[in-house]
Structure formats: C-alpha cells, structure tokens
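**Q** Input structure: structure26.tsv, which contains TSV, C-alpha atoms.
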chain	number	residue	atom	x	y	z
A	1	MET	CA	-15.88	1.04	37.36
A	2	SER	CA	-15.01	-1.12	34.40
A	3	HIS	CA	-14.14	-0.02	30.90
A	4	PHE	CA	-16.84	2.17	29.35
A	5	ASP	CA	-17.33	3.26	25.75
A	6	LEU	CA	-20.32	5.30	24.70
A	7	HIS	CA	-22.13	3.92	21.63
A	8	THR	CA	-21.48	6.18	18.63
A	9	GLN	CA	-25.20	6.75	18.01
A	10	LEU	CA	-25.76	7.91	21.60
A	11	ASP	CA	-22.71	10.13	21.31
A	12	LYS	CA	-24.17	11.68	18.16
A	13	ASP	CA	-27.68	12.26	19.54
A	14	THR	CA	-26.86	13.47	23.05
A	15	ILE	CA	-24.60	15.84	24.97
A	16	PHE	CA	-22.62	15.11	28.14
A	17	LEU	CA	-23.95	16.71	31.32
A	18	HIS	CA	-22.66	14.92	34.40
A	19	ASP	CA	-21.26	11.67	35.79
A	20	LEU	CA	-23.22	10.21	38.69
A	21	ASP	CA	-21.90	7.20	40.66
A	22	ILE	CA	-22.94	4.73	37.96
A	23	CYS	CA	-24.65	6.58	35.17
A	24	GLN	CA	-23.48	9.23	32.79
A	25	VAL	CA	-26.24	11.82	32.37
A	26	ARG	CA	-26.73	13.27	28.90
A	27	LEU	CA	-29.11	15.74	27.24
A	28	VAL	CA	-30.90	14.44	24.15
A	29	ASP	CA	-30.38	17.07	21.47
A	30	ASP	CA	-34.02	17.45	20.42
A	31	GLN	CA	-35.73	20.67	21.37
A	32	ARG	CA	-39.21	19.17	20.82
A	33	PHE	CA	-38.97	17.22	24.08
A	34	PRO	CA	-36.97	18.04	27.25
A	35	TRP	CA	-35.25	14.68	27.44
A	36	LEU	CA	-32.40	13.32	29.53
A	37	MET	CA	-30.59	10.03	29.18
A	38	LEU	CA	-28.77	7.89	31.72
A	39	VAL	CA	-26.07	5.55	30.47
A	40	PRO	CA	-24.71	3.16	33.11
A	41	ARG	CA	-20.92	3.14	32.82
A	42	ILE	CA	-20.88	-0.64	32.95
A	43	HIS	CA	-19.20	-2.54	30.17
A	44	ALA	CA	-21.43	-4.68	27.95
A	45	ALA	CA	-24.68	-4.11	29.87
A	46	VAL	CA	-27.65	-4.46	27.49
A	47	GLU	CA	-30.67	-5.53	29.54
A	48	PHE	CA	-31.59	-4.06	32.93
A	49	THR	CA	-31.25	-7.58	34.31
A	50	ASP	CA	-27.58	-7.53	33.27
A	51	LEU	CA	-26.93	-5.24	36.25
A	52	ASN	CA	-26.26	-6.86	39.58
A	53	GLU	CA	-28.57	-6.10	42.51
A	54	ALA	CA	-26.44	-3.34	44.03
A	55	ASN	CA	-25.93	-1.58	40.71
A	56	SER	CA	-29.60	-1.79	39.81
A	57	ILE	CA	-30.55	-0.18	43.12
A	58	GLN	CA	-28.10	2.64	42.51
A	59	VAL	CA	-29.31	3.10	38.91
A	60	MET	CA	-32.87	3.28	40.25
A	61	ARG	CA	-31.78	6.01	42.68
A	62	GLU	CA	-30.15	7.92	39.83
A	63	ILE	CA	-33.33	7.60	37.74
A	64	ARG	CA	-35.24	9.21	40.62
A	65	GLN	CA	-32.70	11.99	41.06
A	66	VAL	CA	-32.59	12.82	37.36
A	67	SER	CA	-36.39	12.66	37.09
A	68	GLN	CA	-36.60	15.28	39.81
A	69	ILE	CA	-34.08	17.50	38.04
A	70	LEU	CA	-36.05	17.16	34.81
A	71	GLU	CA	-39.34	17.91	36.59
A	72	HIS	CA	-37.83	21.04	38.07
A	73	TRP	CA	-36.36	22.16	34.75
A	74	ALA	CA	-39.20	21.38	32.36
A	75	GLN	CA	-42.35	21.48	34.53
A	76	PRO	CA	-43.87	18.61	32.57
A	77	ASP	CA	-47.39	17.20	32.73
A	78	LYS	CA	-45.96	13.67	32.80
A	79	ILE	CA	-42.57	11.99	32.98
A	80	ASN	CA	-41.89	9.02	30.68
A	81	ILE	CA	-39.14	6.61	31.76
A	82	ALA	CA	-38.04	3.81	29.45
A	83	MET	CA	-35.35	1.28	28.68
A	84	LEU	CA	-35.88	0.13	25.11
A	85	GLY	CA	-32.62	-0.51	23.26
A	86	ASN	CA	-34.20	-1.79	20.08
A	87	LEU	CA	-31.87	0.32	17.94
A	88	VAL	CA	-28.88	0.89	20.24
A	89	PRO	CA	-28.03	-2.17	22.33
A	90	GLN	CA	-25.95	-0.37	24.98
A	91	LEU	CA	-28.13	-0.08	28.10
A	92	HIS	CA	-29.54	3.44	28.40
A	93	ILE	CA	-32.51	4.94	30.17
A	94	HIS	CA	-34.72	7.62	28.66
A	95	ILE	CA	-36.30	10.19	30.98
A	96	VAL	CA	-38.60	12.42	28.97
A	97	ALA	CA	-40.63	15.44	30.09
A	98	ARG	CA	-43.99	15.32	28.35
A	99	LYS	CA	-46.50	18.10	27.86
A	100	THR	CA	-50.07	17.45	26.81
A	101	ASN	CA	-49.48	19.89	23.94
A	102	ASP	CA	-46.19	18.42	22.68
A	103	SER	CA	-46.09	17.13	19.12
A	104	ALA	CA	-46.18	13.43	20.01
A	105	TRP	CA	-48.70	13.47	22.89
A	106	PRO	CA	-50.17	11.10	23.99
A	107	GLY	CA	-48.02	8.73	21.93
A	108	PRO	CA	-44.43	7.83	22.78
A	109	VAL	CA	-41.56	10.02	21.55
A	110	TRP	CA	-39.39	7.25	20.15
A	111	GLY	CA	-39.30	6.94	16.40
A	112	VAL	CA	-41.22	10.18	15.84
A	113	PRO	CA	-39.47	11.77	12.85
A	114	GLY	CA	-38.41	15.39	12.72
A	115	THR	CA	-35.71	15.82	15.35
A	116	VAL	CA	-35.15	19.52	16.06
A	117	ARG	CA	-31.64	20.10	17.37
A	118	TYR	CA	-31.25	22.92	19.88
A	119	LYS	CA	-30.08	26.26	18.54
A	120	ALA	CA	-26.59	26.99	19.84
A	121	ASN	CA	-27.70	29.55	22.41
A	122	ASP	CA	-30.58	27.45	23.70
A	123	ARG	CA	-28.32	24.42	23.96
A	124	MET	CA	-25.72	26.34	25.92
A	125	GLN	CA	-28.39	27.70	28.25
A	126	ALA	CA	-29.95	24.24	28.78
A	127	ILE	CA	-26.58	22.67	29.50
A	128	ARG	CA	-25.64	25.42	31.94
A	129	THR	CA	-28.94	25.16	33.83
A	130	LEU	CA	-28.90	21.38	33.97
A	131	LYS	CA	-25.24	21.11	35.01
A	132	SER	CA	-25.90	23.50	37.88
A	133	SER	CA	-28.69	21.17	39.09
A	134	PHE	CA	-26.24	18.42	39.93
A	135	THR	CA	-25.07	19.28	43.39
A	136	TRP	CA	-23.66	15.83	44.20
B	1	MET	CA	-50.59	-1.62	51.97
B	2	SER	CA	-53.00	1.25	51.46
B	3	HIS	CA	-56.25	1.25	49.55
B	4	PHE	CA	-55.80	0.08	45.94
B	5	ASP	CA	-58.16	0.33	42.99
B	6	LEU	CA	-57.12	-0.79	39.53
B	7	HIS	CA	-57.85	1.79	36.82
B	8	THR	CA	-60.76	0.57	34.66
B	9	GLN	CA	-58.71	0.80	31.44
B	10	LEU	CA	-55.94	-1.40	32.88
B	11	ASP	CA	-58.58	-3.80	34.12
B	12	LYS	CA	-60.04	-4.00	30.62
B	13	ASP	CA	-56.72	-4.49	28.79
B	14	THR	CA	-54.97	-6.90	31.16
B	15	ILE	CA	-55.51	-10.07	33.17
B	16	PHE	CA	-54.52	-10.73	36.78
B	17	LEU	CA	-51.59	-13.10	37.29
B	18	HIS	CA	-50.04	-12.63	40.73
B	19	ASP	CA	-49.55	-10.28	43.66
B	20	LEU	CA	-45.93	-9.60	44.56
B	21	ASP	CA	-45.01	-7.64	47.73
B	22	ILE	CA	-45.85	-4.30	46.14
B	23	CYS	CA	-46.91	-4.84	42.55
B	24	GLN	CA	-49.79	-6.68	41.03
B	25	VAL	CA	-48.55	-8.56	37.95
B	26	ARG	CA	-50.89	-8.68	34.96
B	27	LEU	CA	-50.78	-10.08	31.41
B	28	VAL	CA	-51.55	-7.58	28.66
B	29	ASP	CA	-54.18	-9.22	26.48
B	30	ASP	CA	-52.46	-8.69	23.14
B	31	GLN	CA	-51.08	-11.77	21.42
B	32	ARG	CA	-48.85	-9.67	19.13
B	33	PHE	CA	-46.43	-8.98	21.97
B	34	PRO	CA	-45.67	-11.08	25.08
B	35	TRP	CA	-46.24	-8.26	27.53
B	36	LEU	CA	-46.53	-8.12	31.32
B	37	MET	CA	-47.56	-5.19	33.47
B	38	LEU	CA	-46.70	-4.32	37.06
B	39	VAL	CA	-49.10	-2.11	38.98
B	40	PRO	CA	-47.83	-0.96	42.38
B	41	ARG	CA	-50.65	-1.39	44.88
B	42	ILE	CA	-50.04	2.08	46.25
B	43	HIS	CA	-52.89	4.53	46.34
B	44	ALA	CA	-52.60	7.59	44.09
B	45	ALA	CA	-49.08	6.89	42.79
B	46	VAL	CA	-48.67	8.44	39.33
B	47	GLU	CA	-44.97	9.18	38.83
B	48	PHE	CA	-42.14	6.82	39.78
B	49	THR	CA	-40.91	9.61	42.05
B	50	ASP	CA	-44.18	9.37	44.00
B	51	LEU	CA	-42.85	6.15	45.55
B	52	ASN	CA	-40.72	6.44	48.64
B	53	GLU	CA	-37.16	5.11	48.56
B	54	ALA	CA	-37.95	1.70	50.10
B	55	ASN	CA	-40.91	1.10	47.82
B	56	SER	CA	-38.99	2.13	44.73
B	57	ILE	CA	-36.21	-0.33	45.58
B	58	GLN	CA	-38.76	-3.10	45.99
B	59	VAL	CA	-40.53	-2.17	42.75
B	60	MET	CA	-37.17	-2.27	40.99
B	61	ARG	CA	-36.59	-5.78	42.37
B	62	GLU	CA	-40.00	-6.85	41.12
B	63	ILE	CA	-39.25	-5.39	37.67
B	64	ARG	CA	-36.13	-7.57	37.58
B	65	GLN	CA	-37.98	-10.67	38.72
B	66	VAL	CA	-40.78	-10.23	36.22
B	67	SER	CA	-38.33	-9.44	33.41
B	68	GLN	CA	-36.64	-12.76	34.08
B	69	ILE	CA	-39.96	-14.60	34.02
B	70	LEU	CA	-40.84	-12.92	30.73
B	71	GLU	CA	-37.42	-13.74	29.26
B	72	HIS	CA	-37.87	-17.38	30.20
B	73	TRP	CA	-41.41	-17.52	28.81
B	74	ALA	CA	-41.02	-15.58	25.56
B	75	GLN	CA	-37.32	-15.94	24.65
B	76	PRO	CA	-37.22	-12.38	23.31
B	77	ASP	CA	-34.48	-10.63	21.38
B	78	LYS	CA	-34.90	-7.56	23.63
B	79	ILE	CA	-36.87	-6.54	26.69
B	80	ASN	CA	-38.54	-3.11	26.73
B	81	ILE	CA	-39.32	-1.63	30.15
B	82	ALA	CA	-41.31	1.58	30.42
B	83	MET	CA	-43.35	3.81	32.71
B	84	LEU	CA	-45.36	6.14	30.48
B	85	GLY	CA	-48.82	6.87	31.87
B	86	ASN	CA	-49.80	9.38	29.18
B	87	LEU	CA	-53.22	7.78	28.80
B	88	VAL	CA	-53.74	6.04	32.16
B	89	PRO	CA	-52.40	8.07	35.08
B	90	GLN	CA	-52.22	5.20	37.61
B	91	LEU	CA	-48.54	4.23	37.91
B	92	HIS	CA	-47.89	1.04	35.93
B	93	ILE	CA	-44.79	-0.51	34.43
B	94	HIS	CA	-44.72	-2.18	31.02
B	95	ILE	CA	-42.36	-5.11	30.50
B	96	VAL	CA	-42.53	-6.20	26.87
B	97	ALA	CA	-40.77	-9.07	25.12
B	98	ARG	CA	-39.67	-7.90	21.70
B	99	LYS	CA	-38.69	-9.96	18.68
B	100	THR	CA	-36.86	-8.49	15.71
B	101	ASN	CA	-39.67	-9.87	13.54
B	102	ASP	CA	-42.61	-8.57	15.59
B	103	SER	CA	-45.02	-6.20	13.86
B	104	ALA	CA	-43.78	-3.04	15.59
B	105	TRP	CA	-40.01	-3.69	15.56
B	106	PRO	CA	-37.87	-1.62	16.01
B	107	GLY	CA	-40.46	0.96	17.04
B	108	PRO	CA	-42.21	1.00	20.40
B	109	VAL	CA	-45.38	-1.06	20.96
B	110	TRP	CA	-47.48	1.70	22.54
B	111	GLY	CA	-50.15	3.19	20.37
B	112	VAL	CA	-49.70	0.66	17.58
B	113	PRO	CA	-53.25	-0.08	16.43
B	114	GLY	CA	-54.58	-3.59	15.90
B	115	THR	CA	-54.66	-5.25	19.32
B	116	VAL	CA	-55.09	-9.02	18.91
B	117	ARG	CA	-56.66	-10.49	22.03
B	118	TYR	CA	-55.56	-14.00	22.93
B	119	LYS	CA	-57.80	-16.85	21.82
B	120	ALA	CA	-59.40	-18.46	24.85
B	121	ASN	CA	-57.18	-21.55	24.82
B	122	ASP	CA	-53.98	-19.60	24.28
B	123	ARG	CA	-54.92	-17.18	27.05
B	124	MET	CA	-55.60	-20.02	29.47
B	125	GLN	CA	-52.29	-21.65	28.57
B	126	ALA	CA	-50.34	-18.40	28.96
B	127	ILE	CA	-51.93	-17.66	32.32
B	128	ARG	CA	-51.25	-21.18	33.59
B	129	THR	CA	-47.60	-21.09	32.51
B	130	LEU	CA	-46.98	-17.60	33.89
B	131	LYS	CA	-48.73	-18.23	37.21
B	132	SER	CA	-46.59	-21.31	37.75
B	133	SER	CA	-43.46	-19.15	37.29
B	134	PHE	CA	-44.18	-17.22	40.46
B	135	THR	CA	-42.65	-19.34	43.15
B	136	TRP	CA	-42.51	-16.59	45.77
In structure tokens, what does this structure look like?

**A**
Amino acid sequence: MSHFDLHTQLDKDTIFLHDLDICQVRLVDDQRFPWLMLVPRIHAAVEFTDLNEANSIQVMREIRQVSQILEHWAQPDKINIAMLGNLVPQLHIHIVARKTNDSAWPGPVWGVPGTVRYKANDRMQAIRTLKSSFTW
Amino acid sequence: MSHFDLHTQLDKDTIFLHDLDICQVRLVDDQRFPWLMLVPRIHAAVEFTDLNEANSIQVMREIRQVSQILEHWAQPDKINIAMLGNLVPQLHIHIVARKTNDSAWPGPVWGVPGTVRYKANDRMQAIRTLKSSFTW
C-alpha cells in the first residue's frame, strides 16, 4: 500500500472505524443520517477510474461488505452509495442509510445544512457496535 | 439474463444508448448536465447488494467503461457516480459529468429543479456521438 494521507476535511467530519484491505472505513459524525465512508488508502486517487482493475474490484467488494454492515446496524429503507468529490478531491465513497422519515428524504443528504454531531455517549456506542461488526 | 422491465419514470427521463453485458446505458435528457445512467438488466434488483458477486464485478467494470466514455465526451472537472433510488426503486447508477461552473456546483444534481431537455438536434448529435463510443 502506498503512502496515504487523509484529507483534513474528511478527518474533521468523520471518525476512524476500521482498515479493510484497501479502504479505511469511517463514521460520518452526523446523527441525522447513519452514514459510513470508505477512503481507499491509495495515494492521489481522485476519480474511481484512477483505480486499477484489481483495486476497483476489491473496493467494490468492500462497498458491499460495508453496505451490509450499515443495513444491519441502521435498518434503513434505502441505501445511498455515492462517489462525488466536488468539495474534497480525495477519492471517498459515501454509504448512507436512508429512512423515508429522515430530514432530507427523498432528496440527497449532501449539502443539507444543519449537521448534528453525535453526543459523546451515542458516538461511543455507535463506534463500539460498528467496530464489532468487522470480523475480518 | 432474466426478465427486465424499465421503470416508467426512467423511461420518461432517459434515452436508450446501448446494451452492455449487464447494464443498459441511457442518456439522461437534461442538457444542464452531461449525465449517463446504467440500469442493470436484472429483475427486481433494488440495492447494489442485491447483485451477486459476479454481477457486481461486471457492473463495476461497466461503470468504469461508461465513466471513461463520459469523460471523453464531456471533458468534466469531476465525475459523480451514485446509486440512490429514493424515488425510483429499480437499481440504476448515475454517472454525471460535473463542471465547476455548472448550475448545481458544488452541490449534487439530484432534485435540482429546472430540467432542460435537449433540443432535438442536440439530442440527436449527443446520441450519435455516444453510440459511436461503444465499440464493444
């Protein structure tokens, strides 16, 4: 694995959970939406097409694994998966658990103002539960 | 390939371009954003995790191929890739060419009112150019 630095904005908005083979898994610190993020630990990757074939297959596998963990944790009505990068160029993948009664439904969650950071106890509980979901 | 029906809303908003091994590729009829859509021709798929491993690898390959075609066609500043499905449950993948001076930048394109359908000549030209990009 080559040199990897996490973008300062991602570091500010999210919390480390687990390192998979390629991606670092992080919890987005916004209690409005159960929301995980995958950051491929690949230097200078911006677009999905910057990954080589083997890495993109592995990232796709990790997207599936983390989606299943999120489904189990949050019991959502729908999962949203996206690679945008309009504000933070470092390649990262959003996996968001949506409920039909969440505050942004049926719109997307990105750019919706009013981030609600987890309360300390809730954050600790979420991190503990999610970390225990990674059995590989 | 199992039975496949395109959701009526996707049929209304997009135009057929090409059938890849798994996905049907369509042009979103909105001149504000160069925007392609992949619809896996797999009956009843809603979440990405509904695909089996082999199909998800192939869909990922097709996302890469179509991203490259879109990059070549639209010369974007950023590609946005997303599977949302909050309004249309049938699994579909958005691949959107973003420019830093487009009308939604840096926000997402979904739910932004004011769809501008292509003029007939522009639509015909876009379809011709894009269809000729599929050499497989």

**Q** How close does each residue of chain B get to chain A, giving the shortest atom pair and distance in Å to one decimal for every residue with an atom at most 8 Å away, counting all atoms listed in the file, sorted by chain and residue number, as a tab-separated table?

**A**
residue	atom	partner	partner_atom	distance
B:Glu47	CA	A:Ile79	CA	6.9
B:Phe48	CA	A:Arg64	CA	7.4
B:Thr49	CA	A:Arg64	CA	5.9
B:Ser56	CA	A:Met60	CA	7.7
B:Ile57	CA	A:Ile57	CA	6.2
B:Met60	CA	A:Met60	CA	7.1
B:Arg64	CA	A:Thr49	CA	5.9
B:Ser67	CA	A:Thr49	CA	7.4
B:Gln68	CA	A:Thr49	CA	7.5
B:Lys78	CA	A:Asn86	CA	6.8
B:Ile79	CA	A:Glu47	CA	6.9
B:Asn80	CA	A:Leu84	CA	4.5
B:Ile81	CA	A:Met83	CA	5.1
B:Ala82	CA	A:Ala82	CA	4.1
B:Met83	CA	A:Ile81	CA	5.1
B:Leu84	CA	A:Asn80	CA	4.5
B:Gly85	CA	A:Asn80	CA	7.4
B:Asn86	CA	A:Pro106	CA	5.5
B:Leu87	CA	A:Pro106	CA	6.6
B:Trp105	CA	A:Asn86	CA	7.6
B:Pro106	CA	A:Asn86	CA	5.5
B:Gly107	CA	A:Gly111	CA	6.1
B:Pro108	CA	A:Trp110	CA	6.9
B:Trp110	CA	A:Pro108	CA	6.9
B:Gly111	CA	A:Gly107	CA	6.1

**Q** Residues as selected, C-alpha atoms, written as a PDB file, in the coordinates of the input, can you do that?

**A**
ATOM      1  CA  GLU B  47     -44.970   9.180  38.830  1.00  0.00           C
ATOM      2  CA  PHE B  48     -42.140   6.820  39.780  1.00  0.00           C
ATOM      3  CA  THR B  49     -40.910   9.610  42.050  1.00  0.00           C
ATOM      4  CA  SER B  56     -38.990   2.130  44.730  1.00  0.00           C
ATOM      5  CA  ILE B  57     -36.210  -0.330  45.580  1.00  0.00           C
ATOM      6  CA  MET B  60     -37.170  -2.270  40.990  1.00  0.00           C
ATOM      7  CA  ARG B  64     -36.130  -7.570  37.580  1.00  0.00           C
ATOM      8  CA  SER B  67     -38.330  -9.440  33.410  1.00  0.00           C
ATOM      9  CA  GLN B  68     -36.640 -12.760  34.080  1.00  0.00           C
ATOM     10  CA  LYS B  78     -34.900  -7.560  23.630  1.00  0.00           C
ATOM     11  CA  ILE B  79     -36.870  -6.540  26.690  1.00  0.00           C
ATOM     12  CA  ASN B  80     -38.540  -3.110  26.730  1.00  0.00           C
ATOM     13  CA  ILE B  81     -39.320  -1.630  30.150  1.00  0.00           C
ATOM     14  CA  ALA B  82     -41.310   1.580  30.420  1.00  0.00           C
ATOM     15  CA  MET B  83     -43.350   3.810  32.710  1.00  0.00           C
ATOM     16  CA  LEU B  84     -45.360   6.140  30.480  1.00  0.00           C
ATOM     17  CA  GLY B  85     -48.820   6.870  31.870  1.00  0.00           C
ATOM     18  CA  ASN B  86     -49.800   9.380  29.180  1.00  0.00           C
ATOM     19  CA  LEU B  87     -53.220   7.780  28.800  1.00  0.00           C
ATOM     20  CA  TRP B 105     -40.010  -3.690  15.560  1.00  0.00           C
ATOM     21  CA  PRO B 106     -37.870  -1.620  16.010  1.00  0.00           C
ATOM     22  CA  GLY B 107     -40.460   0.960  17.040  1.00  0.00           C
ATOM     23  CA  PRO B 108     -42.210   1.000  20.400  1.00  0.00           C
ATOM     24  CA  TRP B 110     -47.480   1.700  22.540  1.00  0.00           C
ATOM     25  CA  GLY B 111     -50.150   3.190  20.370  1.00  0.00           C
TER      26      GLY B 111
END

**Q** Could you pull the residues within 12 Å of range 117-120 of chain A, counting all atoms listed in the file, minus those fewer than 2 positions along the same chain, as a list in words?

**A**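 Near range 117-120 of chain A, the qualifying residues are Lys12, Asp13, Thr14, Ile15, Leu27, Val28, Asp29, Asp30, Gln31, Arg32, Phe33, Pro34, Trp35, Gly114, Thr115, Asp122, Arg123, Met124, Gln125, Ala126 and Ile127 of chain A.
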
**Q** Pull C-alpha atoms from the residues just selected and write them as a short mmCIF file (atom, residue, chain, number, x, y, z; two decimals), keeping the file's coordinate frame.

**A**
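File again-v5.cif, as written:
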data_model
loop_
_atom_site.label_atom_id
_atom_site.label_comp_id
_atom_site.auth_asym_id
_atom_site.auth_seq_id
_atom_site.Cartn_x
_atom_site.Cartn_y
_atom_site.Cartn_z
CA LYS A 12 -24.17 11.68 18.16
CA ASP A 13 -27.68 12.26 19.54
CA THR A 14 -26.86 13.47 23.05
CA ILE A 15 -24.60 15.84 24.97
CA LEU A 27 -29.11 15.74 27.24
CA VAL A 28 -30.90 14.44 24.15
CA ASP A 29 -30.38 17.07 21.47
CA ASP A 30 -34.02 17.45 20.42
CA GLN A 31 -35.73 20.67 21.37
CA ARG A 32 -39.21 19.17 20.82
CA PHE A 33 -38.97 17.22 24.08
CA PRO A 34 -36.97 18.04 27.25
CA TRP A 35 -35.25 14.68 27.44
CA GLY A 114 -38.41 15.39 12.72
CA THR A 115 -35.71 15.82 15.35
CA ASP A 122 -30.58 27.45 23.70
CA ARG A 123 -28.32 24.42 23.96
CA MET A 124 -25.72 26.34 25.92
CA GLN A 125 -28.39 27.70 28.25
CA ALA A 126 -29.95 24.24 28.78
CA ILE A 127 -26.58 22.67 29.50
#

**Q** Would you work out the distance separating CA of Ile22 in chain B from CA of Leu130 in chain B, expressed in Å to one decimal?

**A**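 CA of Leu130 in chain B lies at a distance of 18.1 Å from CA of Ile22 in chain B.
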
**Q** Find the residues around His43 in chain B up to 12 Å (all atoms listed in the file counted), leave out those fewer than 2 positions away in its own chain, and share them as a list in words.

**A** Met1, Ser2, His3, Phe4, Asp5, Leu6, His7, Ile22, Cys23, Val39, Pro40, Arg41, Ala45, Val46, Glu47, Asp50, Leu51, Pro89, Gln90 and Leu91 of chain B

**Q** Suppose you want the space between CA of Arg128 in chain B and CA of Val88 in chain B; what is it in Å?

**A**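 Spanning CA of Arg128 in chain B to CA of Val88 in chain B is a straight-line distance of 27.4 Å.
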
**Q** Figure out the distance between CA of Ala54 in chain A and CA of Gln24 in chain B, please, to one decimal in Å.

**A**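 Going from CA of Gln24 in chain B over to CA of Ala54 in chain A, I get 23.8 Å.
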
**Q** Counting only C-alpha atoms, which of A:Asn101, A:Asn52, A:Glu71, A:Val66 gets nearest to His18 in chain A?

**A**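 Smallest separation from His18 in chain A among the options: A:Val66.
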
**Q** Pick from B:Leu17, B:Pro113, B:Asn121, B:Glu62: nearest to Ser133 in chain B, with all atoms listed in the file counted?

**A** B:Leu17
